[in-house]
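Asker: Just dropping this structure here.
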Protein chains: 2
Amino acid sequence: MVQKLHTAPDASGPSPAGDPEPKSTRERILDVALDLFIDKGFDKTSLREIAEQLGVTKAALYYHFASKEDILMALHMRLHEFGAEAMGRIGTHEPTAALWGELLEEMVDQMLANRKIFLLHERNQAAFEALHRQEHEAAHDDLQEQFRKVLSDPRVPTRDRVRMAASFGAVMAGIFVAGNAFDDISSSELSQLLRSTVRDVLG
Amino acid sequence: MVQKLHTAPDASGPSPAGDPEPKSTRERILDVALDLFIDKGFDKTSLREIAEQLGVTKAALYYHFASKEDILMALHMRLHEFGAEAMGRIGTHEPTAALWGELLEEMVDQMLANRKIFLLHERNQAAFEALHRQEHEAAHDDLQEQFRKVLSDPRVPTRDRVRMAASFGAVMAGIFVAGNAFDDISSSELSQLLRSTVRDVLG
DNA sequence: GTCTATATTTCGATAGAC
DNA sequence: GTCTATCGAAATATAGAC
C-alpha cells in the first residue's frame with residue numbers, strides 16, 4: 001500500500017497498455033509545488049512561481065485548490081498515508097526499543113524512496129504547525145503526534161526513550177544530510193549502513 | 001569562550017557590582033525575535049509582532065537593525081561563534097570517526113545550553129539558505145558548509161561518513177525531539193545518555 | 001479549465017518630527 | 001531612540017469572460 005506512494009513516473013518507458021496516462025493537472029501542480037517548497041520554503045514560494053513553472057496562470061491554480069495552504073495540506077496527506085500503518089502497528093503494542101528498531105529498519109527503504117515528502121516536512125516545520133493549529137480537529141492522528149506519545153510514555157525506560165529518538169534522528173540525518181554529501185553512495189549501501197546503525201543504537 | 005554564549009541572564013540574583021546591567025534594546029529585540037522565529041517561523045513573523053511584544057513601534061526596530069534579515073543575521077552570528085572553534089579543530093586534522101566522536105561529545109552540553117539557537121536554525125533552514133545565497137562572500141566558513149565538506153571527504157570510509165552524520169542526527173534528535181517529550185529528563189541525564197549513544201554509533 | 005483583470009491585505013521600509 | 005504617517009511592493013484571493 002505504501003509502495004504506491006512514489007507515483008509511478010511516466011519515464012518507465014512505453015506503458016503496456018499504450019495509454020500514457022498523463023498526470024492530472026492537480027498532480028502536476030503538487031509535483032511542482034513539492035520541489036519549490038523544498039527548495040525555497042513554503043512561505044517564500046509564491047503561487048505566481050508555481051503557475052509560471054507549470055505554464056499556466058495563478059487563477060488556474062485556484063480552480064484546483066481553494067488556497068495556498070490547501071496545496072500544502074494535499075502534500076501533507078502523502079506523508080500521512082505513509083505513516084498511518086506504521087504508527088498503527090506501534091500504537092497497538094506496548095512500545096519497546098526492539099519493536100521500534102524493527103519498524104525503523106523497515107521504514108528506511110521507504111523513506112529513501114519517498115525522500116522528498118520527508119524533506120518537505122523537515123524543511124517546513126513551521127508551516128505545517130500553522131496548518132495544524134487552525135484545524136484543531138478531533139482525531140489528531142498525526143505522525144509527529146504519535147511519535148511524541150511514544151517518546152513520552154513513562155512505561156518505557158528513560159534510556160530507551162532517548163535511544164528511540166536518537167535512532168530516528170540518525171536515520172533522518174543519514175538520508176537528508178546537508179545538501180548532497182552522500183550522492184556518491186548508492187541507496188542500497190546507504191540503507192544497509194543505516195539499518196546497521198539502528199541496530200547498534202537500539203541493540 | 002563558548003560558554004559566554006548564553007548571555008548571562010539577569011536572574012542571577014543581585015549582581016556583585018550592584019549594577020543590574022539592563023539588557024540593551026538591541027539584545028531585547030533579538031531575544032523576542034528568537035522566540036517568535038522559533039515558534040512561528042521567520043517568514044510568518046512580522047516586525048509589527050516583534051515590536052508589539054516589546055512595547056515599541058516597528059520604526060524603532062529600524063534604528064537598531066537595517067532590515068528584517070539583519071535581525072536573522074545577528075541571530076545567526078550566535079551560532080557562528082559557537083561552532084567556529086569546534087569546526088576549526090576538525091578542519092585542521094584529517095577527519096576521523098574517533099575525532100568526530102570526541103568533538104560531538106564535547107558539544108552535547110553546549111548544545112543543550114544553547115538549545116534555542118540550534119532550534120532556530122533547524123526550523124528556519126530555508127530562511128538561512130536565502131540569507132547565504134545573497135552574500136556570496138568569499139570565506140564561507142559556515143558551520144553547515146564545514147559539515148558538508150567533512151561528510152563528503154573521499155578519504156573517509158563510506159561507513160564512517162554515514163556514521164558521523166548519523167551520530168550528529170542522533171544528538172540533534174535527542175535534544176530537539178518533537179515538542180517537549182523529554183522535559184521530564186534532566187539535562188545531565190540526557191547529556192549522559194546521548195554521549196553514550198554517540199560512543200555506540202562511532203565506537 | 002484556463003484566462004484577464006482587479007480587489008484586498010499585509011508587510012517591509014522610509015521620512016521627518018520630537 | 002522612539003514616535004506618527006505613509007509609501008511601494010508583493011502576495012493571496014476573487015469576479016467574470018471565454
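Residues are named by chain letter and number: chains run A, B, ... in the order of the C-alpha cells, numbers start at 1 in each chain, and ligands are numbered from 1 in the order shown.
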What residues in chain D have any atom no more than 10 Å from chain A when counting only C-alpha atoms (C1' of nucleotides), and can you write them as a PyMOL selection string?

Answerer: chain D and resi 10-14

Asker: DT4 of chain C: which residues within 12 Å, counting only C-alpha atoms (C1' of nucleotides), same-chain residues fewer than 2 positions away excluded, as number ranges by chain?

Answerer: A: 57-60; C: 2, 6; D: 15-18

Asker: How about saving the chosen residues, C-alpha atoms (C1' of nucleotides) kept, as a compact mmCIF listing (two decimals), in the first residue's frame?

Answerer:
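This is the output file selection_10.txt:
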```txt
# COMPACT_ATOMS: atom_id res chain seq x y z
CA THR A 57 -1.70 31.42 -14.61
CA LYS A 58 -2.26 31.90 -10.93
CA ALA A 59 -6.01 31.81 -11.31
CA ALA A 60 -5.86 28.33 -12.78
C1' DT C 2 -7.95 28.43 -18.08
C1' DT C 6 -8.81 43.57 -10.11
C1' DA D 15 -15.01 38.02 -10.42
C1' DG D 16 -16.38 37.14 -14.65
C1' DA D 17 -15.40 36.28 -19.69
C1' DC D 18 -14.23 32.52 -22.86
```

Asker: For chain B, which residue out of A:Asp70, A:Asp43, A:Glu21, A:Glu135 is the nearest one, using only C-alpha atoms?

Answerer: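 Nearest to chain B: A:Asp43.
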
Asker: Given a cut-off of 9 Å, which residues of chain C touch chain B, counting only C-alpha atoms (C1' of nucleotides), written out as a PyMOL selection string?

Answerer: chain C and resi 11-13

Asker: Take the residues from that selection and put them in a file with C-alpha atoms (C1' of nucleotides), as a PDB file, in the first residue's frame.

Answerer:
```pdb
ATOM      1  C1'  DC C  11       4.362  43.651   5.081  1.00  0.00           C
ATOM      2  C1'  DG C  12       8.949  45.722   4.823  1.00  0.00           C
ATOM      3  C1'  DA C  13      10.900  50.038   4.685  1.00  0.00           C
TER       4       DA C  13
END
```

Asker: List as a ChimeraX atom specification the protein and nucleic acid residues near Leu72 of chain B, meaning an atom at most 12 Å away when only C-alpha atoms (C1' of nucleotides) are counted, but skip any in the same chain fewer than 6 places from it.

Answerer: /B:29-38,41-43,45,47,65-66,78-79,117,120-121,124-125,127-132

Asker: Export, as a PDB file, in the first residue's frame, the selected residues with N, CA and C atoms.

Answerer:
```pdb
ATOM      1  N   ILE B  29      15.464  42.979  21.523  1.00  0.00           N
ATOM      2  CA  ILE B  29      14.854  42.703  20.219  1.00  0.00           C
ATOM      3  C   ILE B  29      15.230  41.304  19.757  1.00  0.00           C
ATOM      4  N   LEU B  30      16.512  40.994  19.884  1.00  0.00           N
ATOM      5  CA  LEU B  30      16.981  39.678  19.437  1.00  0.00           C
ATOM      6  C   LEU B  30      16.328  38.549  20.237  1.00  0.00           C
ATOM      7  N   ASP B  31      16.152  38.766  21.525  1.00  0.00           N
ATOM      8  CA  ASP B  31      15.536  37.735  22.358  1.00  0.00           C
ATOM      9  C   ASP B  31      14.095  37.467  21.942  1.00  0.00           C
ATOM     10  N   VAL B  32      13.357  38.551  21.731  1.00  0.00           N
ATOM     11  CA  VAL B  32      11.960  38.396  21.314  1.00  0.00           C
ATOM     12  C   VAL B  32      11.880  37.758  19.935  1.00  0.00           C
ATOM     13  N   ALA B  33      12.726  38.231  19.035  1.00  0.00           N
ATOM     14  CA  ALA B  33      12.735  37.686  17.675  1.00  0.00           C
ATOM     15  C   ALA B  33      13.078  36.201  17.687  1.00  0.00           C
ATOM     16  N   LEU B  34      14.027  35.844  18.512  1.00  0.00           N
ATOM     17  CA  LEU B  34      14.424  34.435  18.593  1.00  0.00           C
ATOM     18  C   LEU B  34      13.238  33.547  18.941  1.00  0.00           C
ATOM     19  N   ASP B  35      12.506  33.948  19.973  1.00  0.00           N
ATOM     20  CA  ASP B  35      11.351  33.149  20.382  1.00  0.00           C
ATOM     21  C   ASP B  35      10.303  33.073  19.283  1.00  0.00           C
ATOM     22  N   LEU B  36      10.024  34.210  18.666  1.00  0.00           N
ATOM     23  CA  LEU B  36       8.989  34.231  17.629  1.00  0.00           C
ATOM     24  C   LEU B  36       9.416  33.459  16.385  1.00  0.00           C
ATOM     25  N   PHE B  37      10.665  33.618  16.001  1.00  0.00           N
ATOM     26  CA  PHE B  37      11.153  32.898  14.814  1.00  0.00           C
ATOM     27  C   PHE B  37      11.100  31.396  15.032  1.00  0.00           C
ATOM     28  N   ILE B  38      11.361  30.964  16.251  1.00  0.00           N
ATOM     29  CA  ILE B  38      11.279  29.538  16.550  1.00  0.00           C
ATOM     30  C   ILE B  38       9.829  29.084  16.523  1.00  0.00           C
ATOM     31  N   GLY B  41       8.136  30.711  12.895  1.00  0.00           N
ATOM     32  CA  GLY B  41       8.962  30.738  11.691  1.00  0.00           C
ATOM     33  C   GLY B  41       9.305  32.158  11.295  1.00  0.00           C
ATOM     34  N   PHE B  42      10.427  32.320  10.636  1.00  0.00           N
ATOM     35  CA  PHE B  42      10.907  33.646  10.257  1.00  0.00           C
ATOM     36  C   PHE B  42       9.923  34.381   9.357  1.00  0.00           C
ATOM     37  N   ASP B  43       9.442  33.718   8.350  1.00  0.00           N
ATOM     38  CA  ASP B  43       8.607  34.387   7.346  1.00  0.00           C
ATOM     39  C   ASP B  43       7.254  34.791   7.907  1.00  0.00           C
ATOM     40  N   THR B  45       6.604  35.625  10.883  1.00  0.00           N
ATOM     41  CA  THR B  45       6.729  36.594  11.967  1.00  0.00           C
ATOM     42  C   THR B  45       6.916  37.991  11.377  1.00  0.00           C
ATOM     43  N   LEU B  47       7.439  42.202  11.643  1.00  0.00           N
ATOM     44  CA  LEU B  47       8.126  43.160  12.501  1.00  0.00           C
ATOM     45  C   LEU B  47       7.138  43.816  13.462  1.00  0.00           C
ATOM     46  N   PHE B  65      18.302  47.835  13.612  1.00  0.00           N
ATOM     47  CA  PHE B  65      18.645  46.892  12.546  1.00  0.00           C
ATOM     48  C   PHE B  65      18.229  47.466  11.197  1.00  0.00           C
ATOM     49  N   ALA B  66      19.049  47.227  10.214  1.00  0.00           N
ATOM     50  CA  ALA B  66      18.806  47.800   8.891  1.00  0.00           C
ATOM     51  C   ALA B  66      17.639  47.129   8.184  1.00  0.00           C
ATOM     52  N   ARG B  78      25.310  34.152  16.458  1.00  0.00           N
ATOM     53  CA  ARG B  78      25.459  33.434  17.715  1.00  0.00           C
ATOM     54  C   ARG B  78      25.858  31.985  17.472  1.00  0.00           C
ATOM     55  N   LEU B  79      25.281  31.382  16.449  1.00  0.00           N
ATOM     56  CA  LEU B  79      25.649  30.009  16.140  1.00  0.00           C
ATOM     57  C   LEU B  79      27.038  29.964  15.526  1.00  0.00           C
ATOM     58  N   ILE B 117      19.253  28.463  19.954  1.00  0.00           N
ATOM     59  CA  ILE B 117      19.957  28.861  18.732  1.00  0.00           C
ATOM     60  C   ILE B 117      19.938  27.732  17.709  1.00  0.00           C
ATOM     61  N   LEU B 120      16.419  27.323  16.345  1.00  0.00           N
ATOM     62  CA  LEU B 120      16.146  28.368  15.348  1.00  0.00           C
ATOM     63  C   LEU B 120      16.623  27.954  13.968  1.00  0.00           C
ATOM     64  N   HIS B 121      17.818  27.427  13.923  1.00  0.00           N
ATOM     65  CA  HIS B 121      18.377  27.052  12.627  1.00  0.00           C
ATOM     66  C   HIS B 121      17.698  25.817  12.058  1.00  0.00           C
ATOM     67  N   ASN B 124      14.365  26.938  10.541  1.00  0.00           N
ATOM     68  CA  ASN B 124      14.321  28.005   9.534  1.00  0.00           C
ATOM     69  C   ASN B 124      15.417  27.829   8.499  1.00  0.00           C
ATOM     70  N   GLN B 125      15.603  26.602   8.100  1.00  0.00           N
ATOM     71  CA  GLN B 125      16.659  26.290   7.136  1.00  0.00           C
ATOM     72  C   GLN B 125      16.507  27.092   5.857  1.00  0.00           C
ATOM     73  N   ALA B 127      15.086  29.970   5.347  1.00  0.00           N
ATOM     74  CA  ALA B 127      15.391  31.388   5.540  1.00  0.00           C
ATOM     75  C   ALA B 127      16.900  31.618   5.592  1.00  0.00           C
ATOM     76  N   PHE B 128      17.606  30.728   6.280  1.00  0.00           N
ATOM     77  CA  PHE B 128      19.053  30.900   6.383  1.00  0.00           C
ATOM     78  C   PHE B 128      19.744  30.648   5.043  1.00  0.00           C
ATOM     79  N   GLU B 129      19.198  29.732   4.282  1.00  0.00           N
ATOM     80  CA  GLU B 129      19.776  29.497   2.956  1.00  0.00           C
ATOM     81  C   GLU B 129      19.617  30.721   2.077  1.00  0.00           C
ATOM     82  N   ALA B 130      18.470  31.324   2.144  1.00  0.00           N
ATOM     83  CA  ALA B 130      18.250  32.546   1.364  1.00  0.00           C
ATOM     84  C   ALA B 130      19.242  33.620   1.796  1.00  0.00           C
ATOM     85  N   LEU B 131      19.519  33.642   3.077  1.00  0.00           N
ATOM     86  CA  LEU B 131      20.485  34.596   3.612  1.00  0.00           C
ATOM     87  C   LEU B 131      21.863  34.361   3.007  1.00  0.00           C
ATOM     88  N   HIS B 132      22.228  33.107   2.921  1.00  0.00           N
ATOM     89  CA  HIS B 132      23.557  32.769   2.411  1.00  0.00           C
ATOM     90  C   HIS B 132      23.668  32.959   0.917  1.00  0.00           C
TER      91      HIS B 132
END
```

Asker: Once DSSP has gone over the backbone, tell me which residues of segment 3-185 of chain A are in helix (DSSP H, G or I), as number ranges by chain.

Answerer: A: 3-5, 25-40, 47-54, 58-64, 68-92, 97-113, 115-123, 125-134, 143-152, 158-176

Asker: Kindly determine which residues of chain A lie within 9 Å of chain B, considering only C-alpha atoms, and give the answer as a VMD selection string.

Answerer: chain A and resid 38 to 44 122 to 127 129 to 130 144 to 145 147 to 153 158 to 159 161 to 174 177 to 185 190 193 to 194 197 to 198 200 to 201

Asker: Excluding Asp109 of chain B and any residue of its chain fewer than 4 positions from it, enumerate the residues within 9 Å of it, using only C-alpha atoms (C1' of nucleotides), and give them as JSON, numbers by chain.

Answerer: {"B": [105, 113, 114, 187, 188, 191]}

Asker: Mind giving me the straight-line distance from atom CA of Glu106 of chain B to atom CA of Arg195 of chain B in Å, one decimal?

Answerer: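 Rounded to one decimal, the two atoms are 8.6 Å apart.
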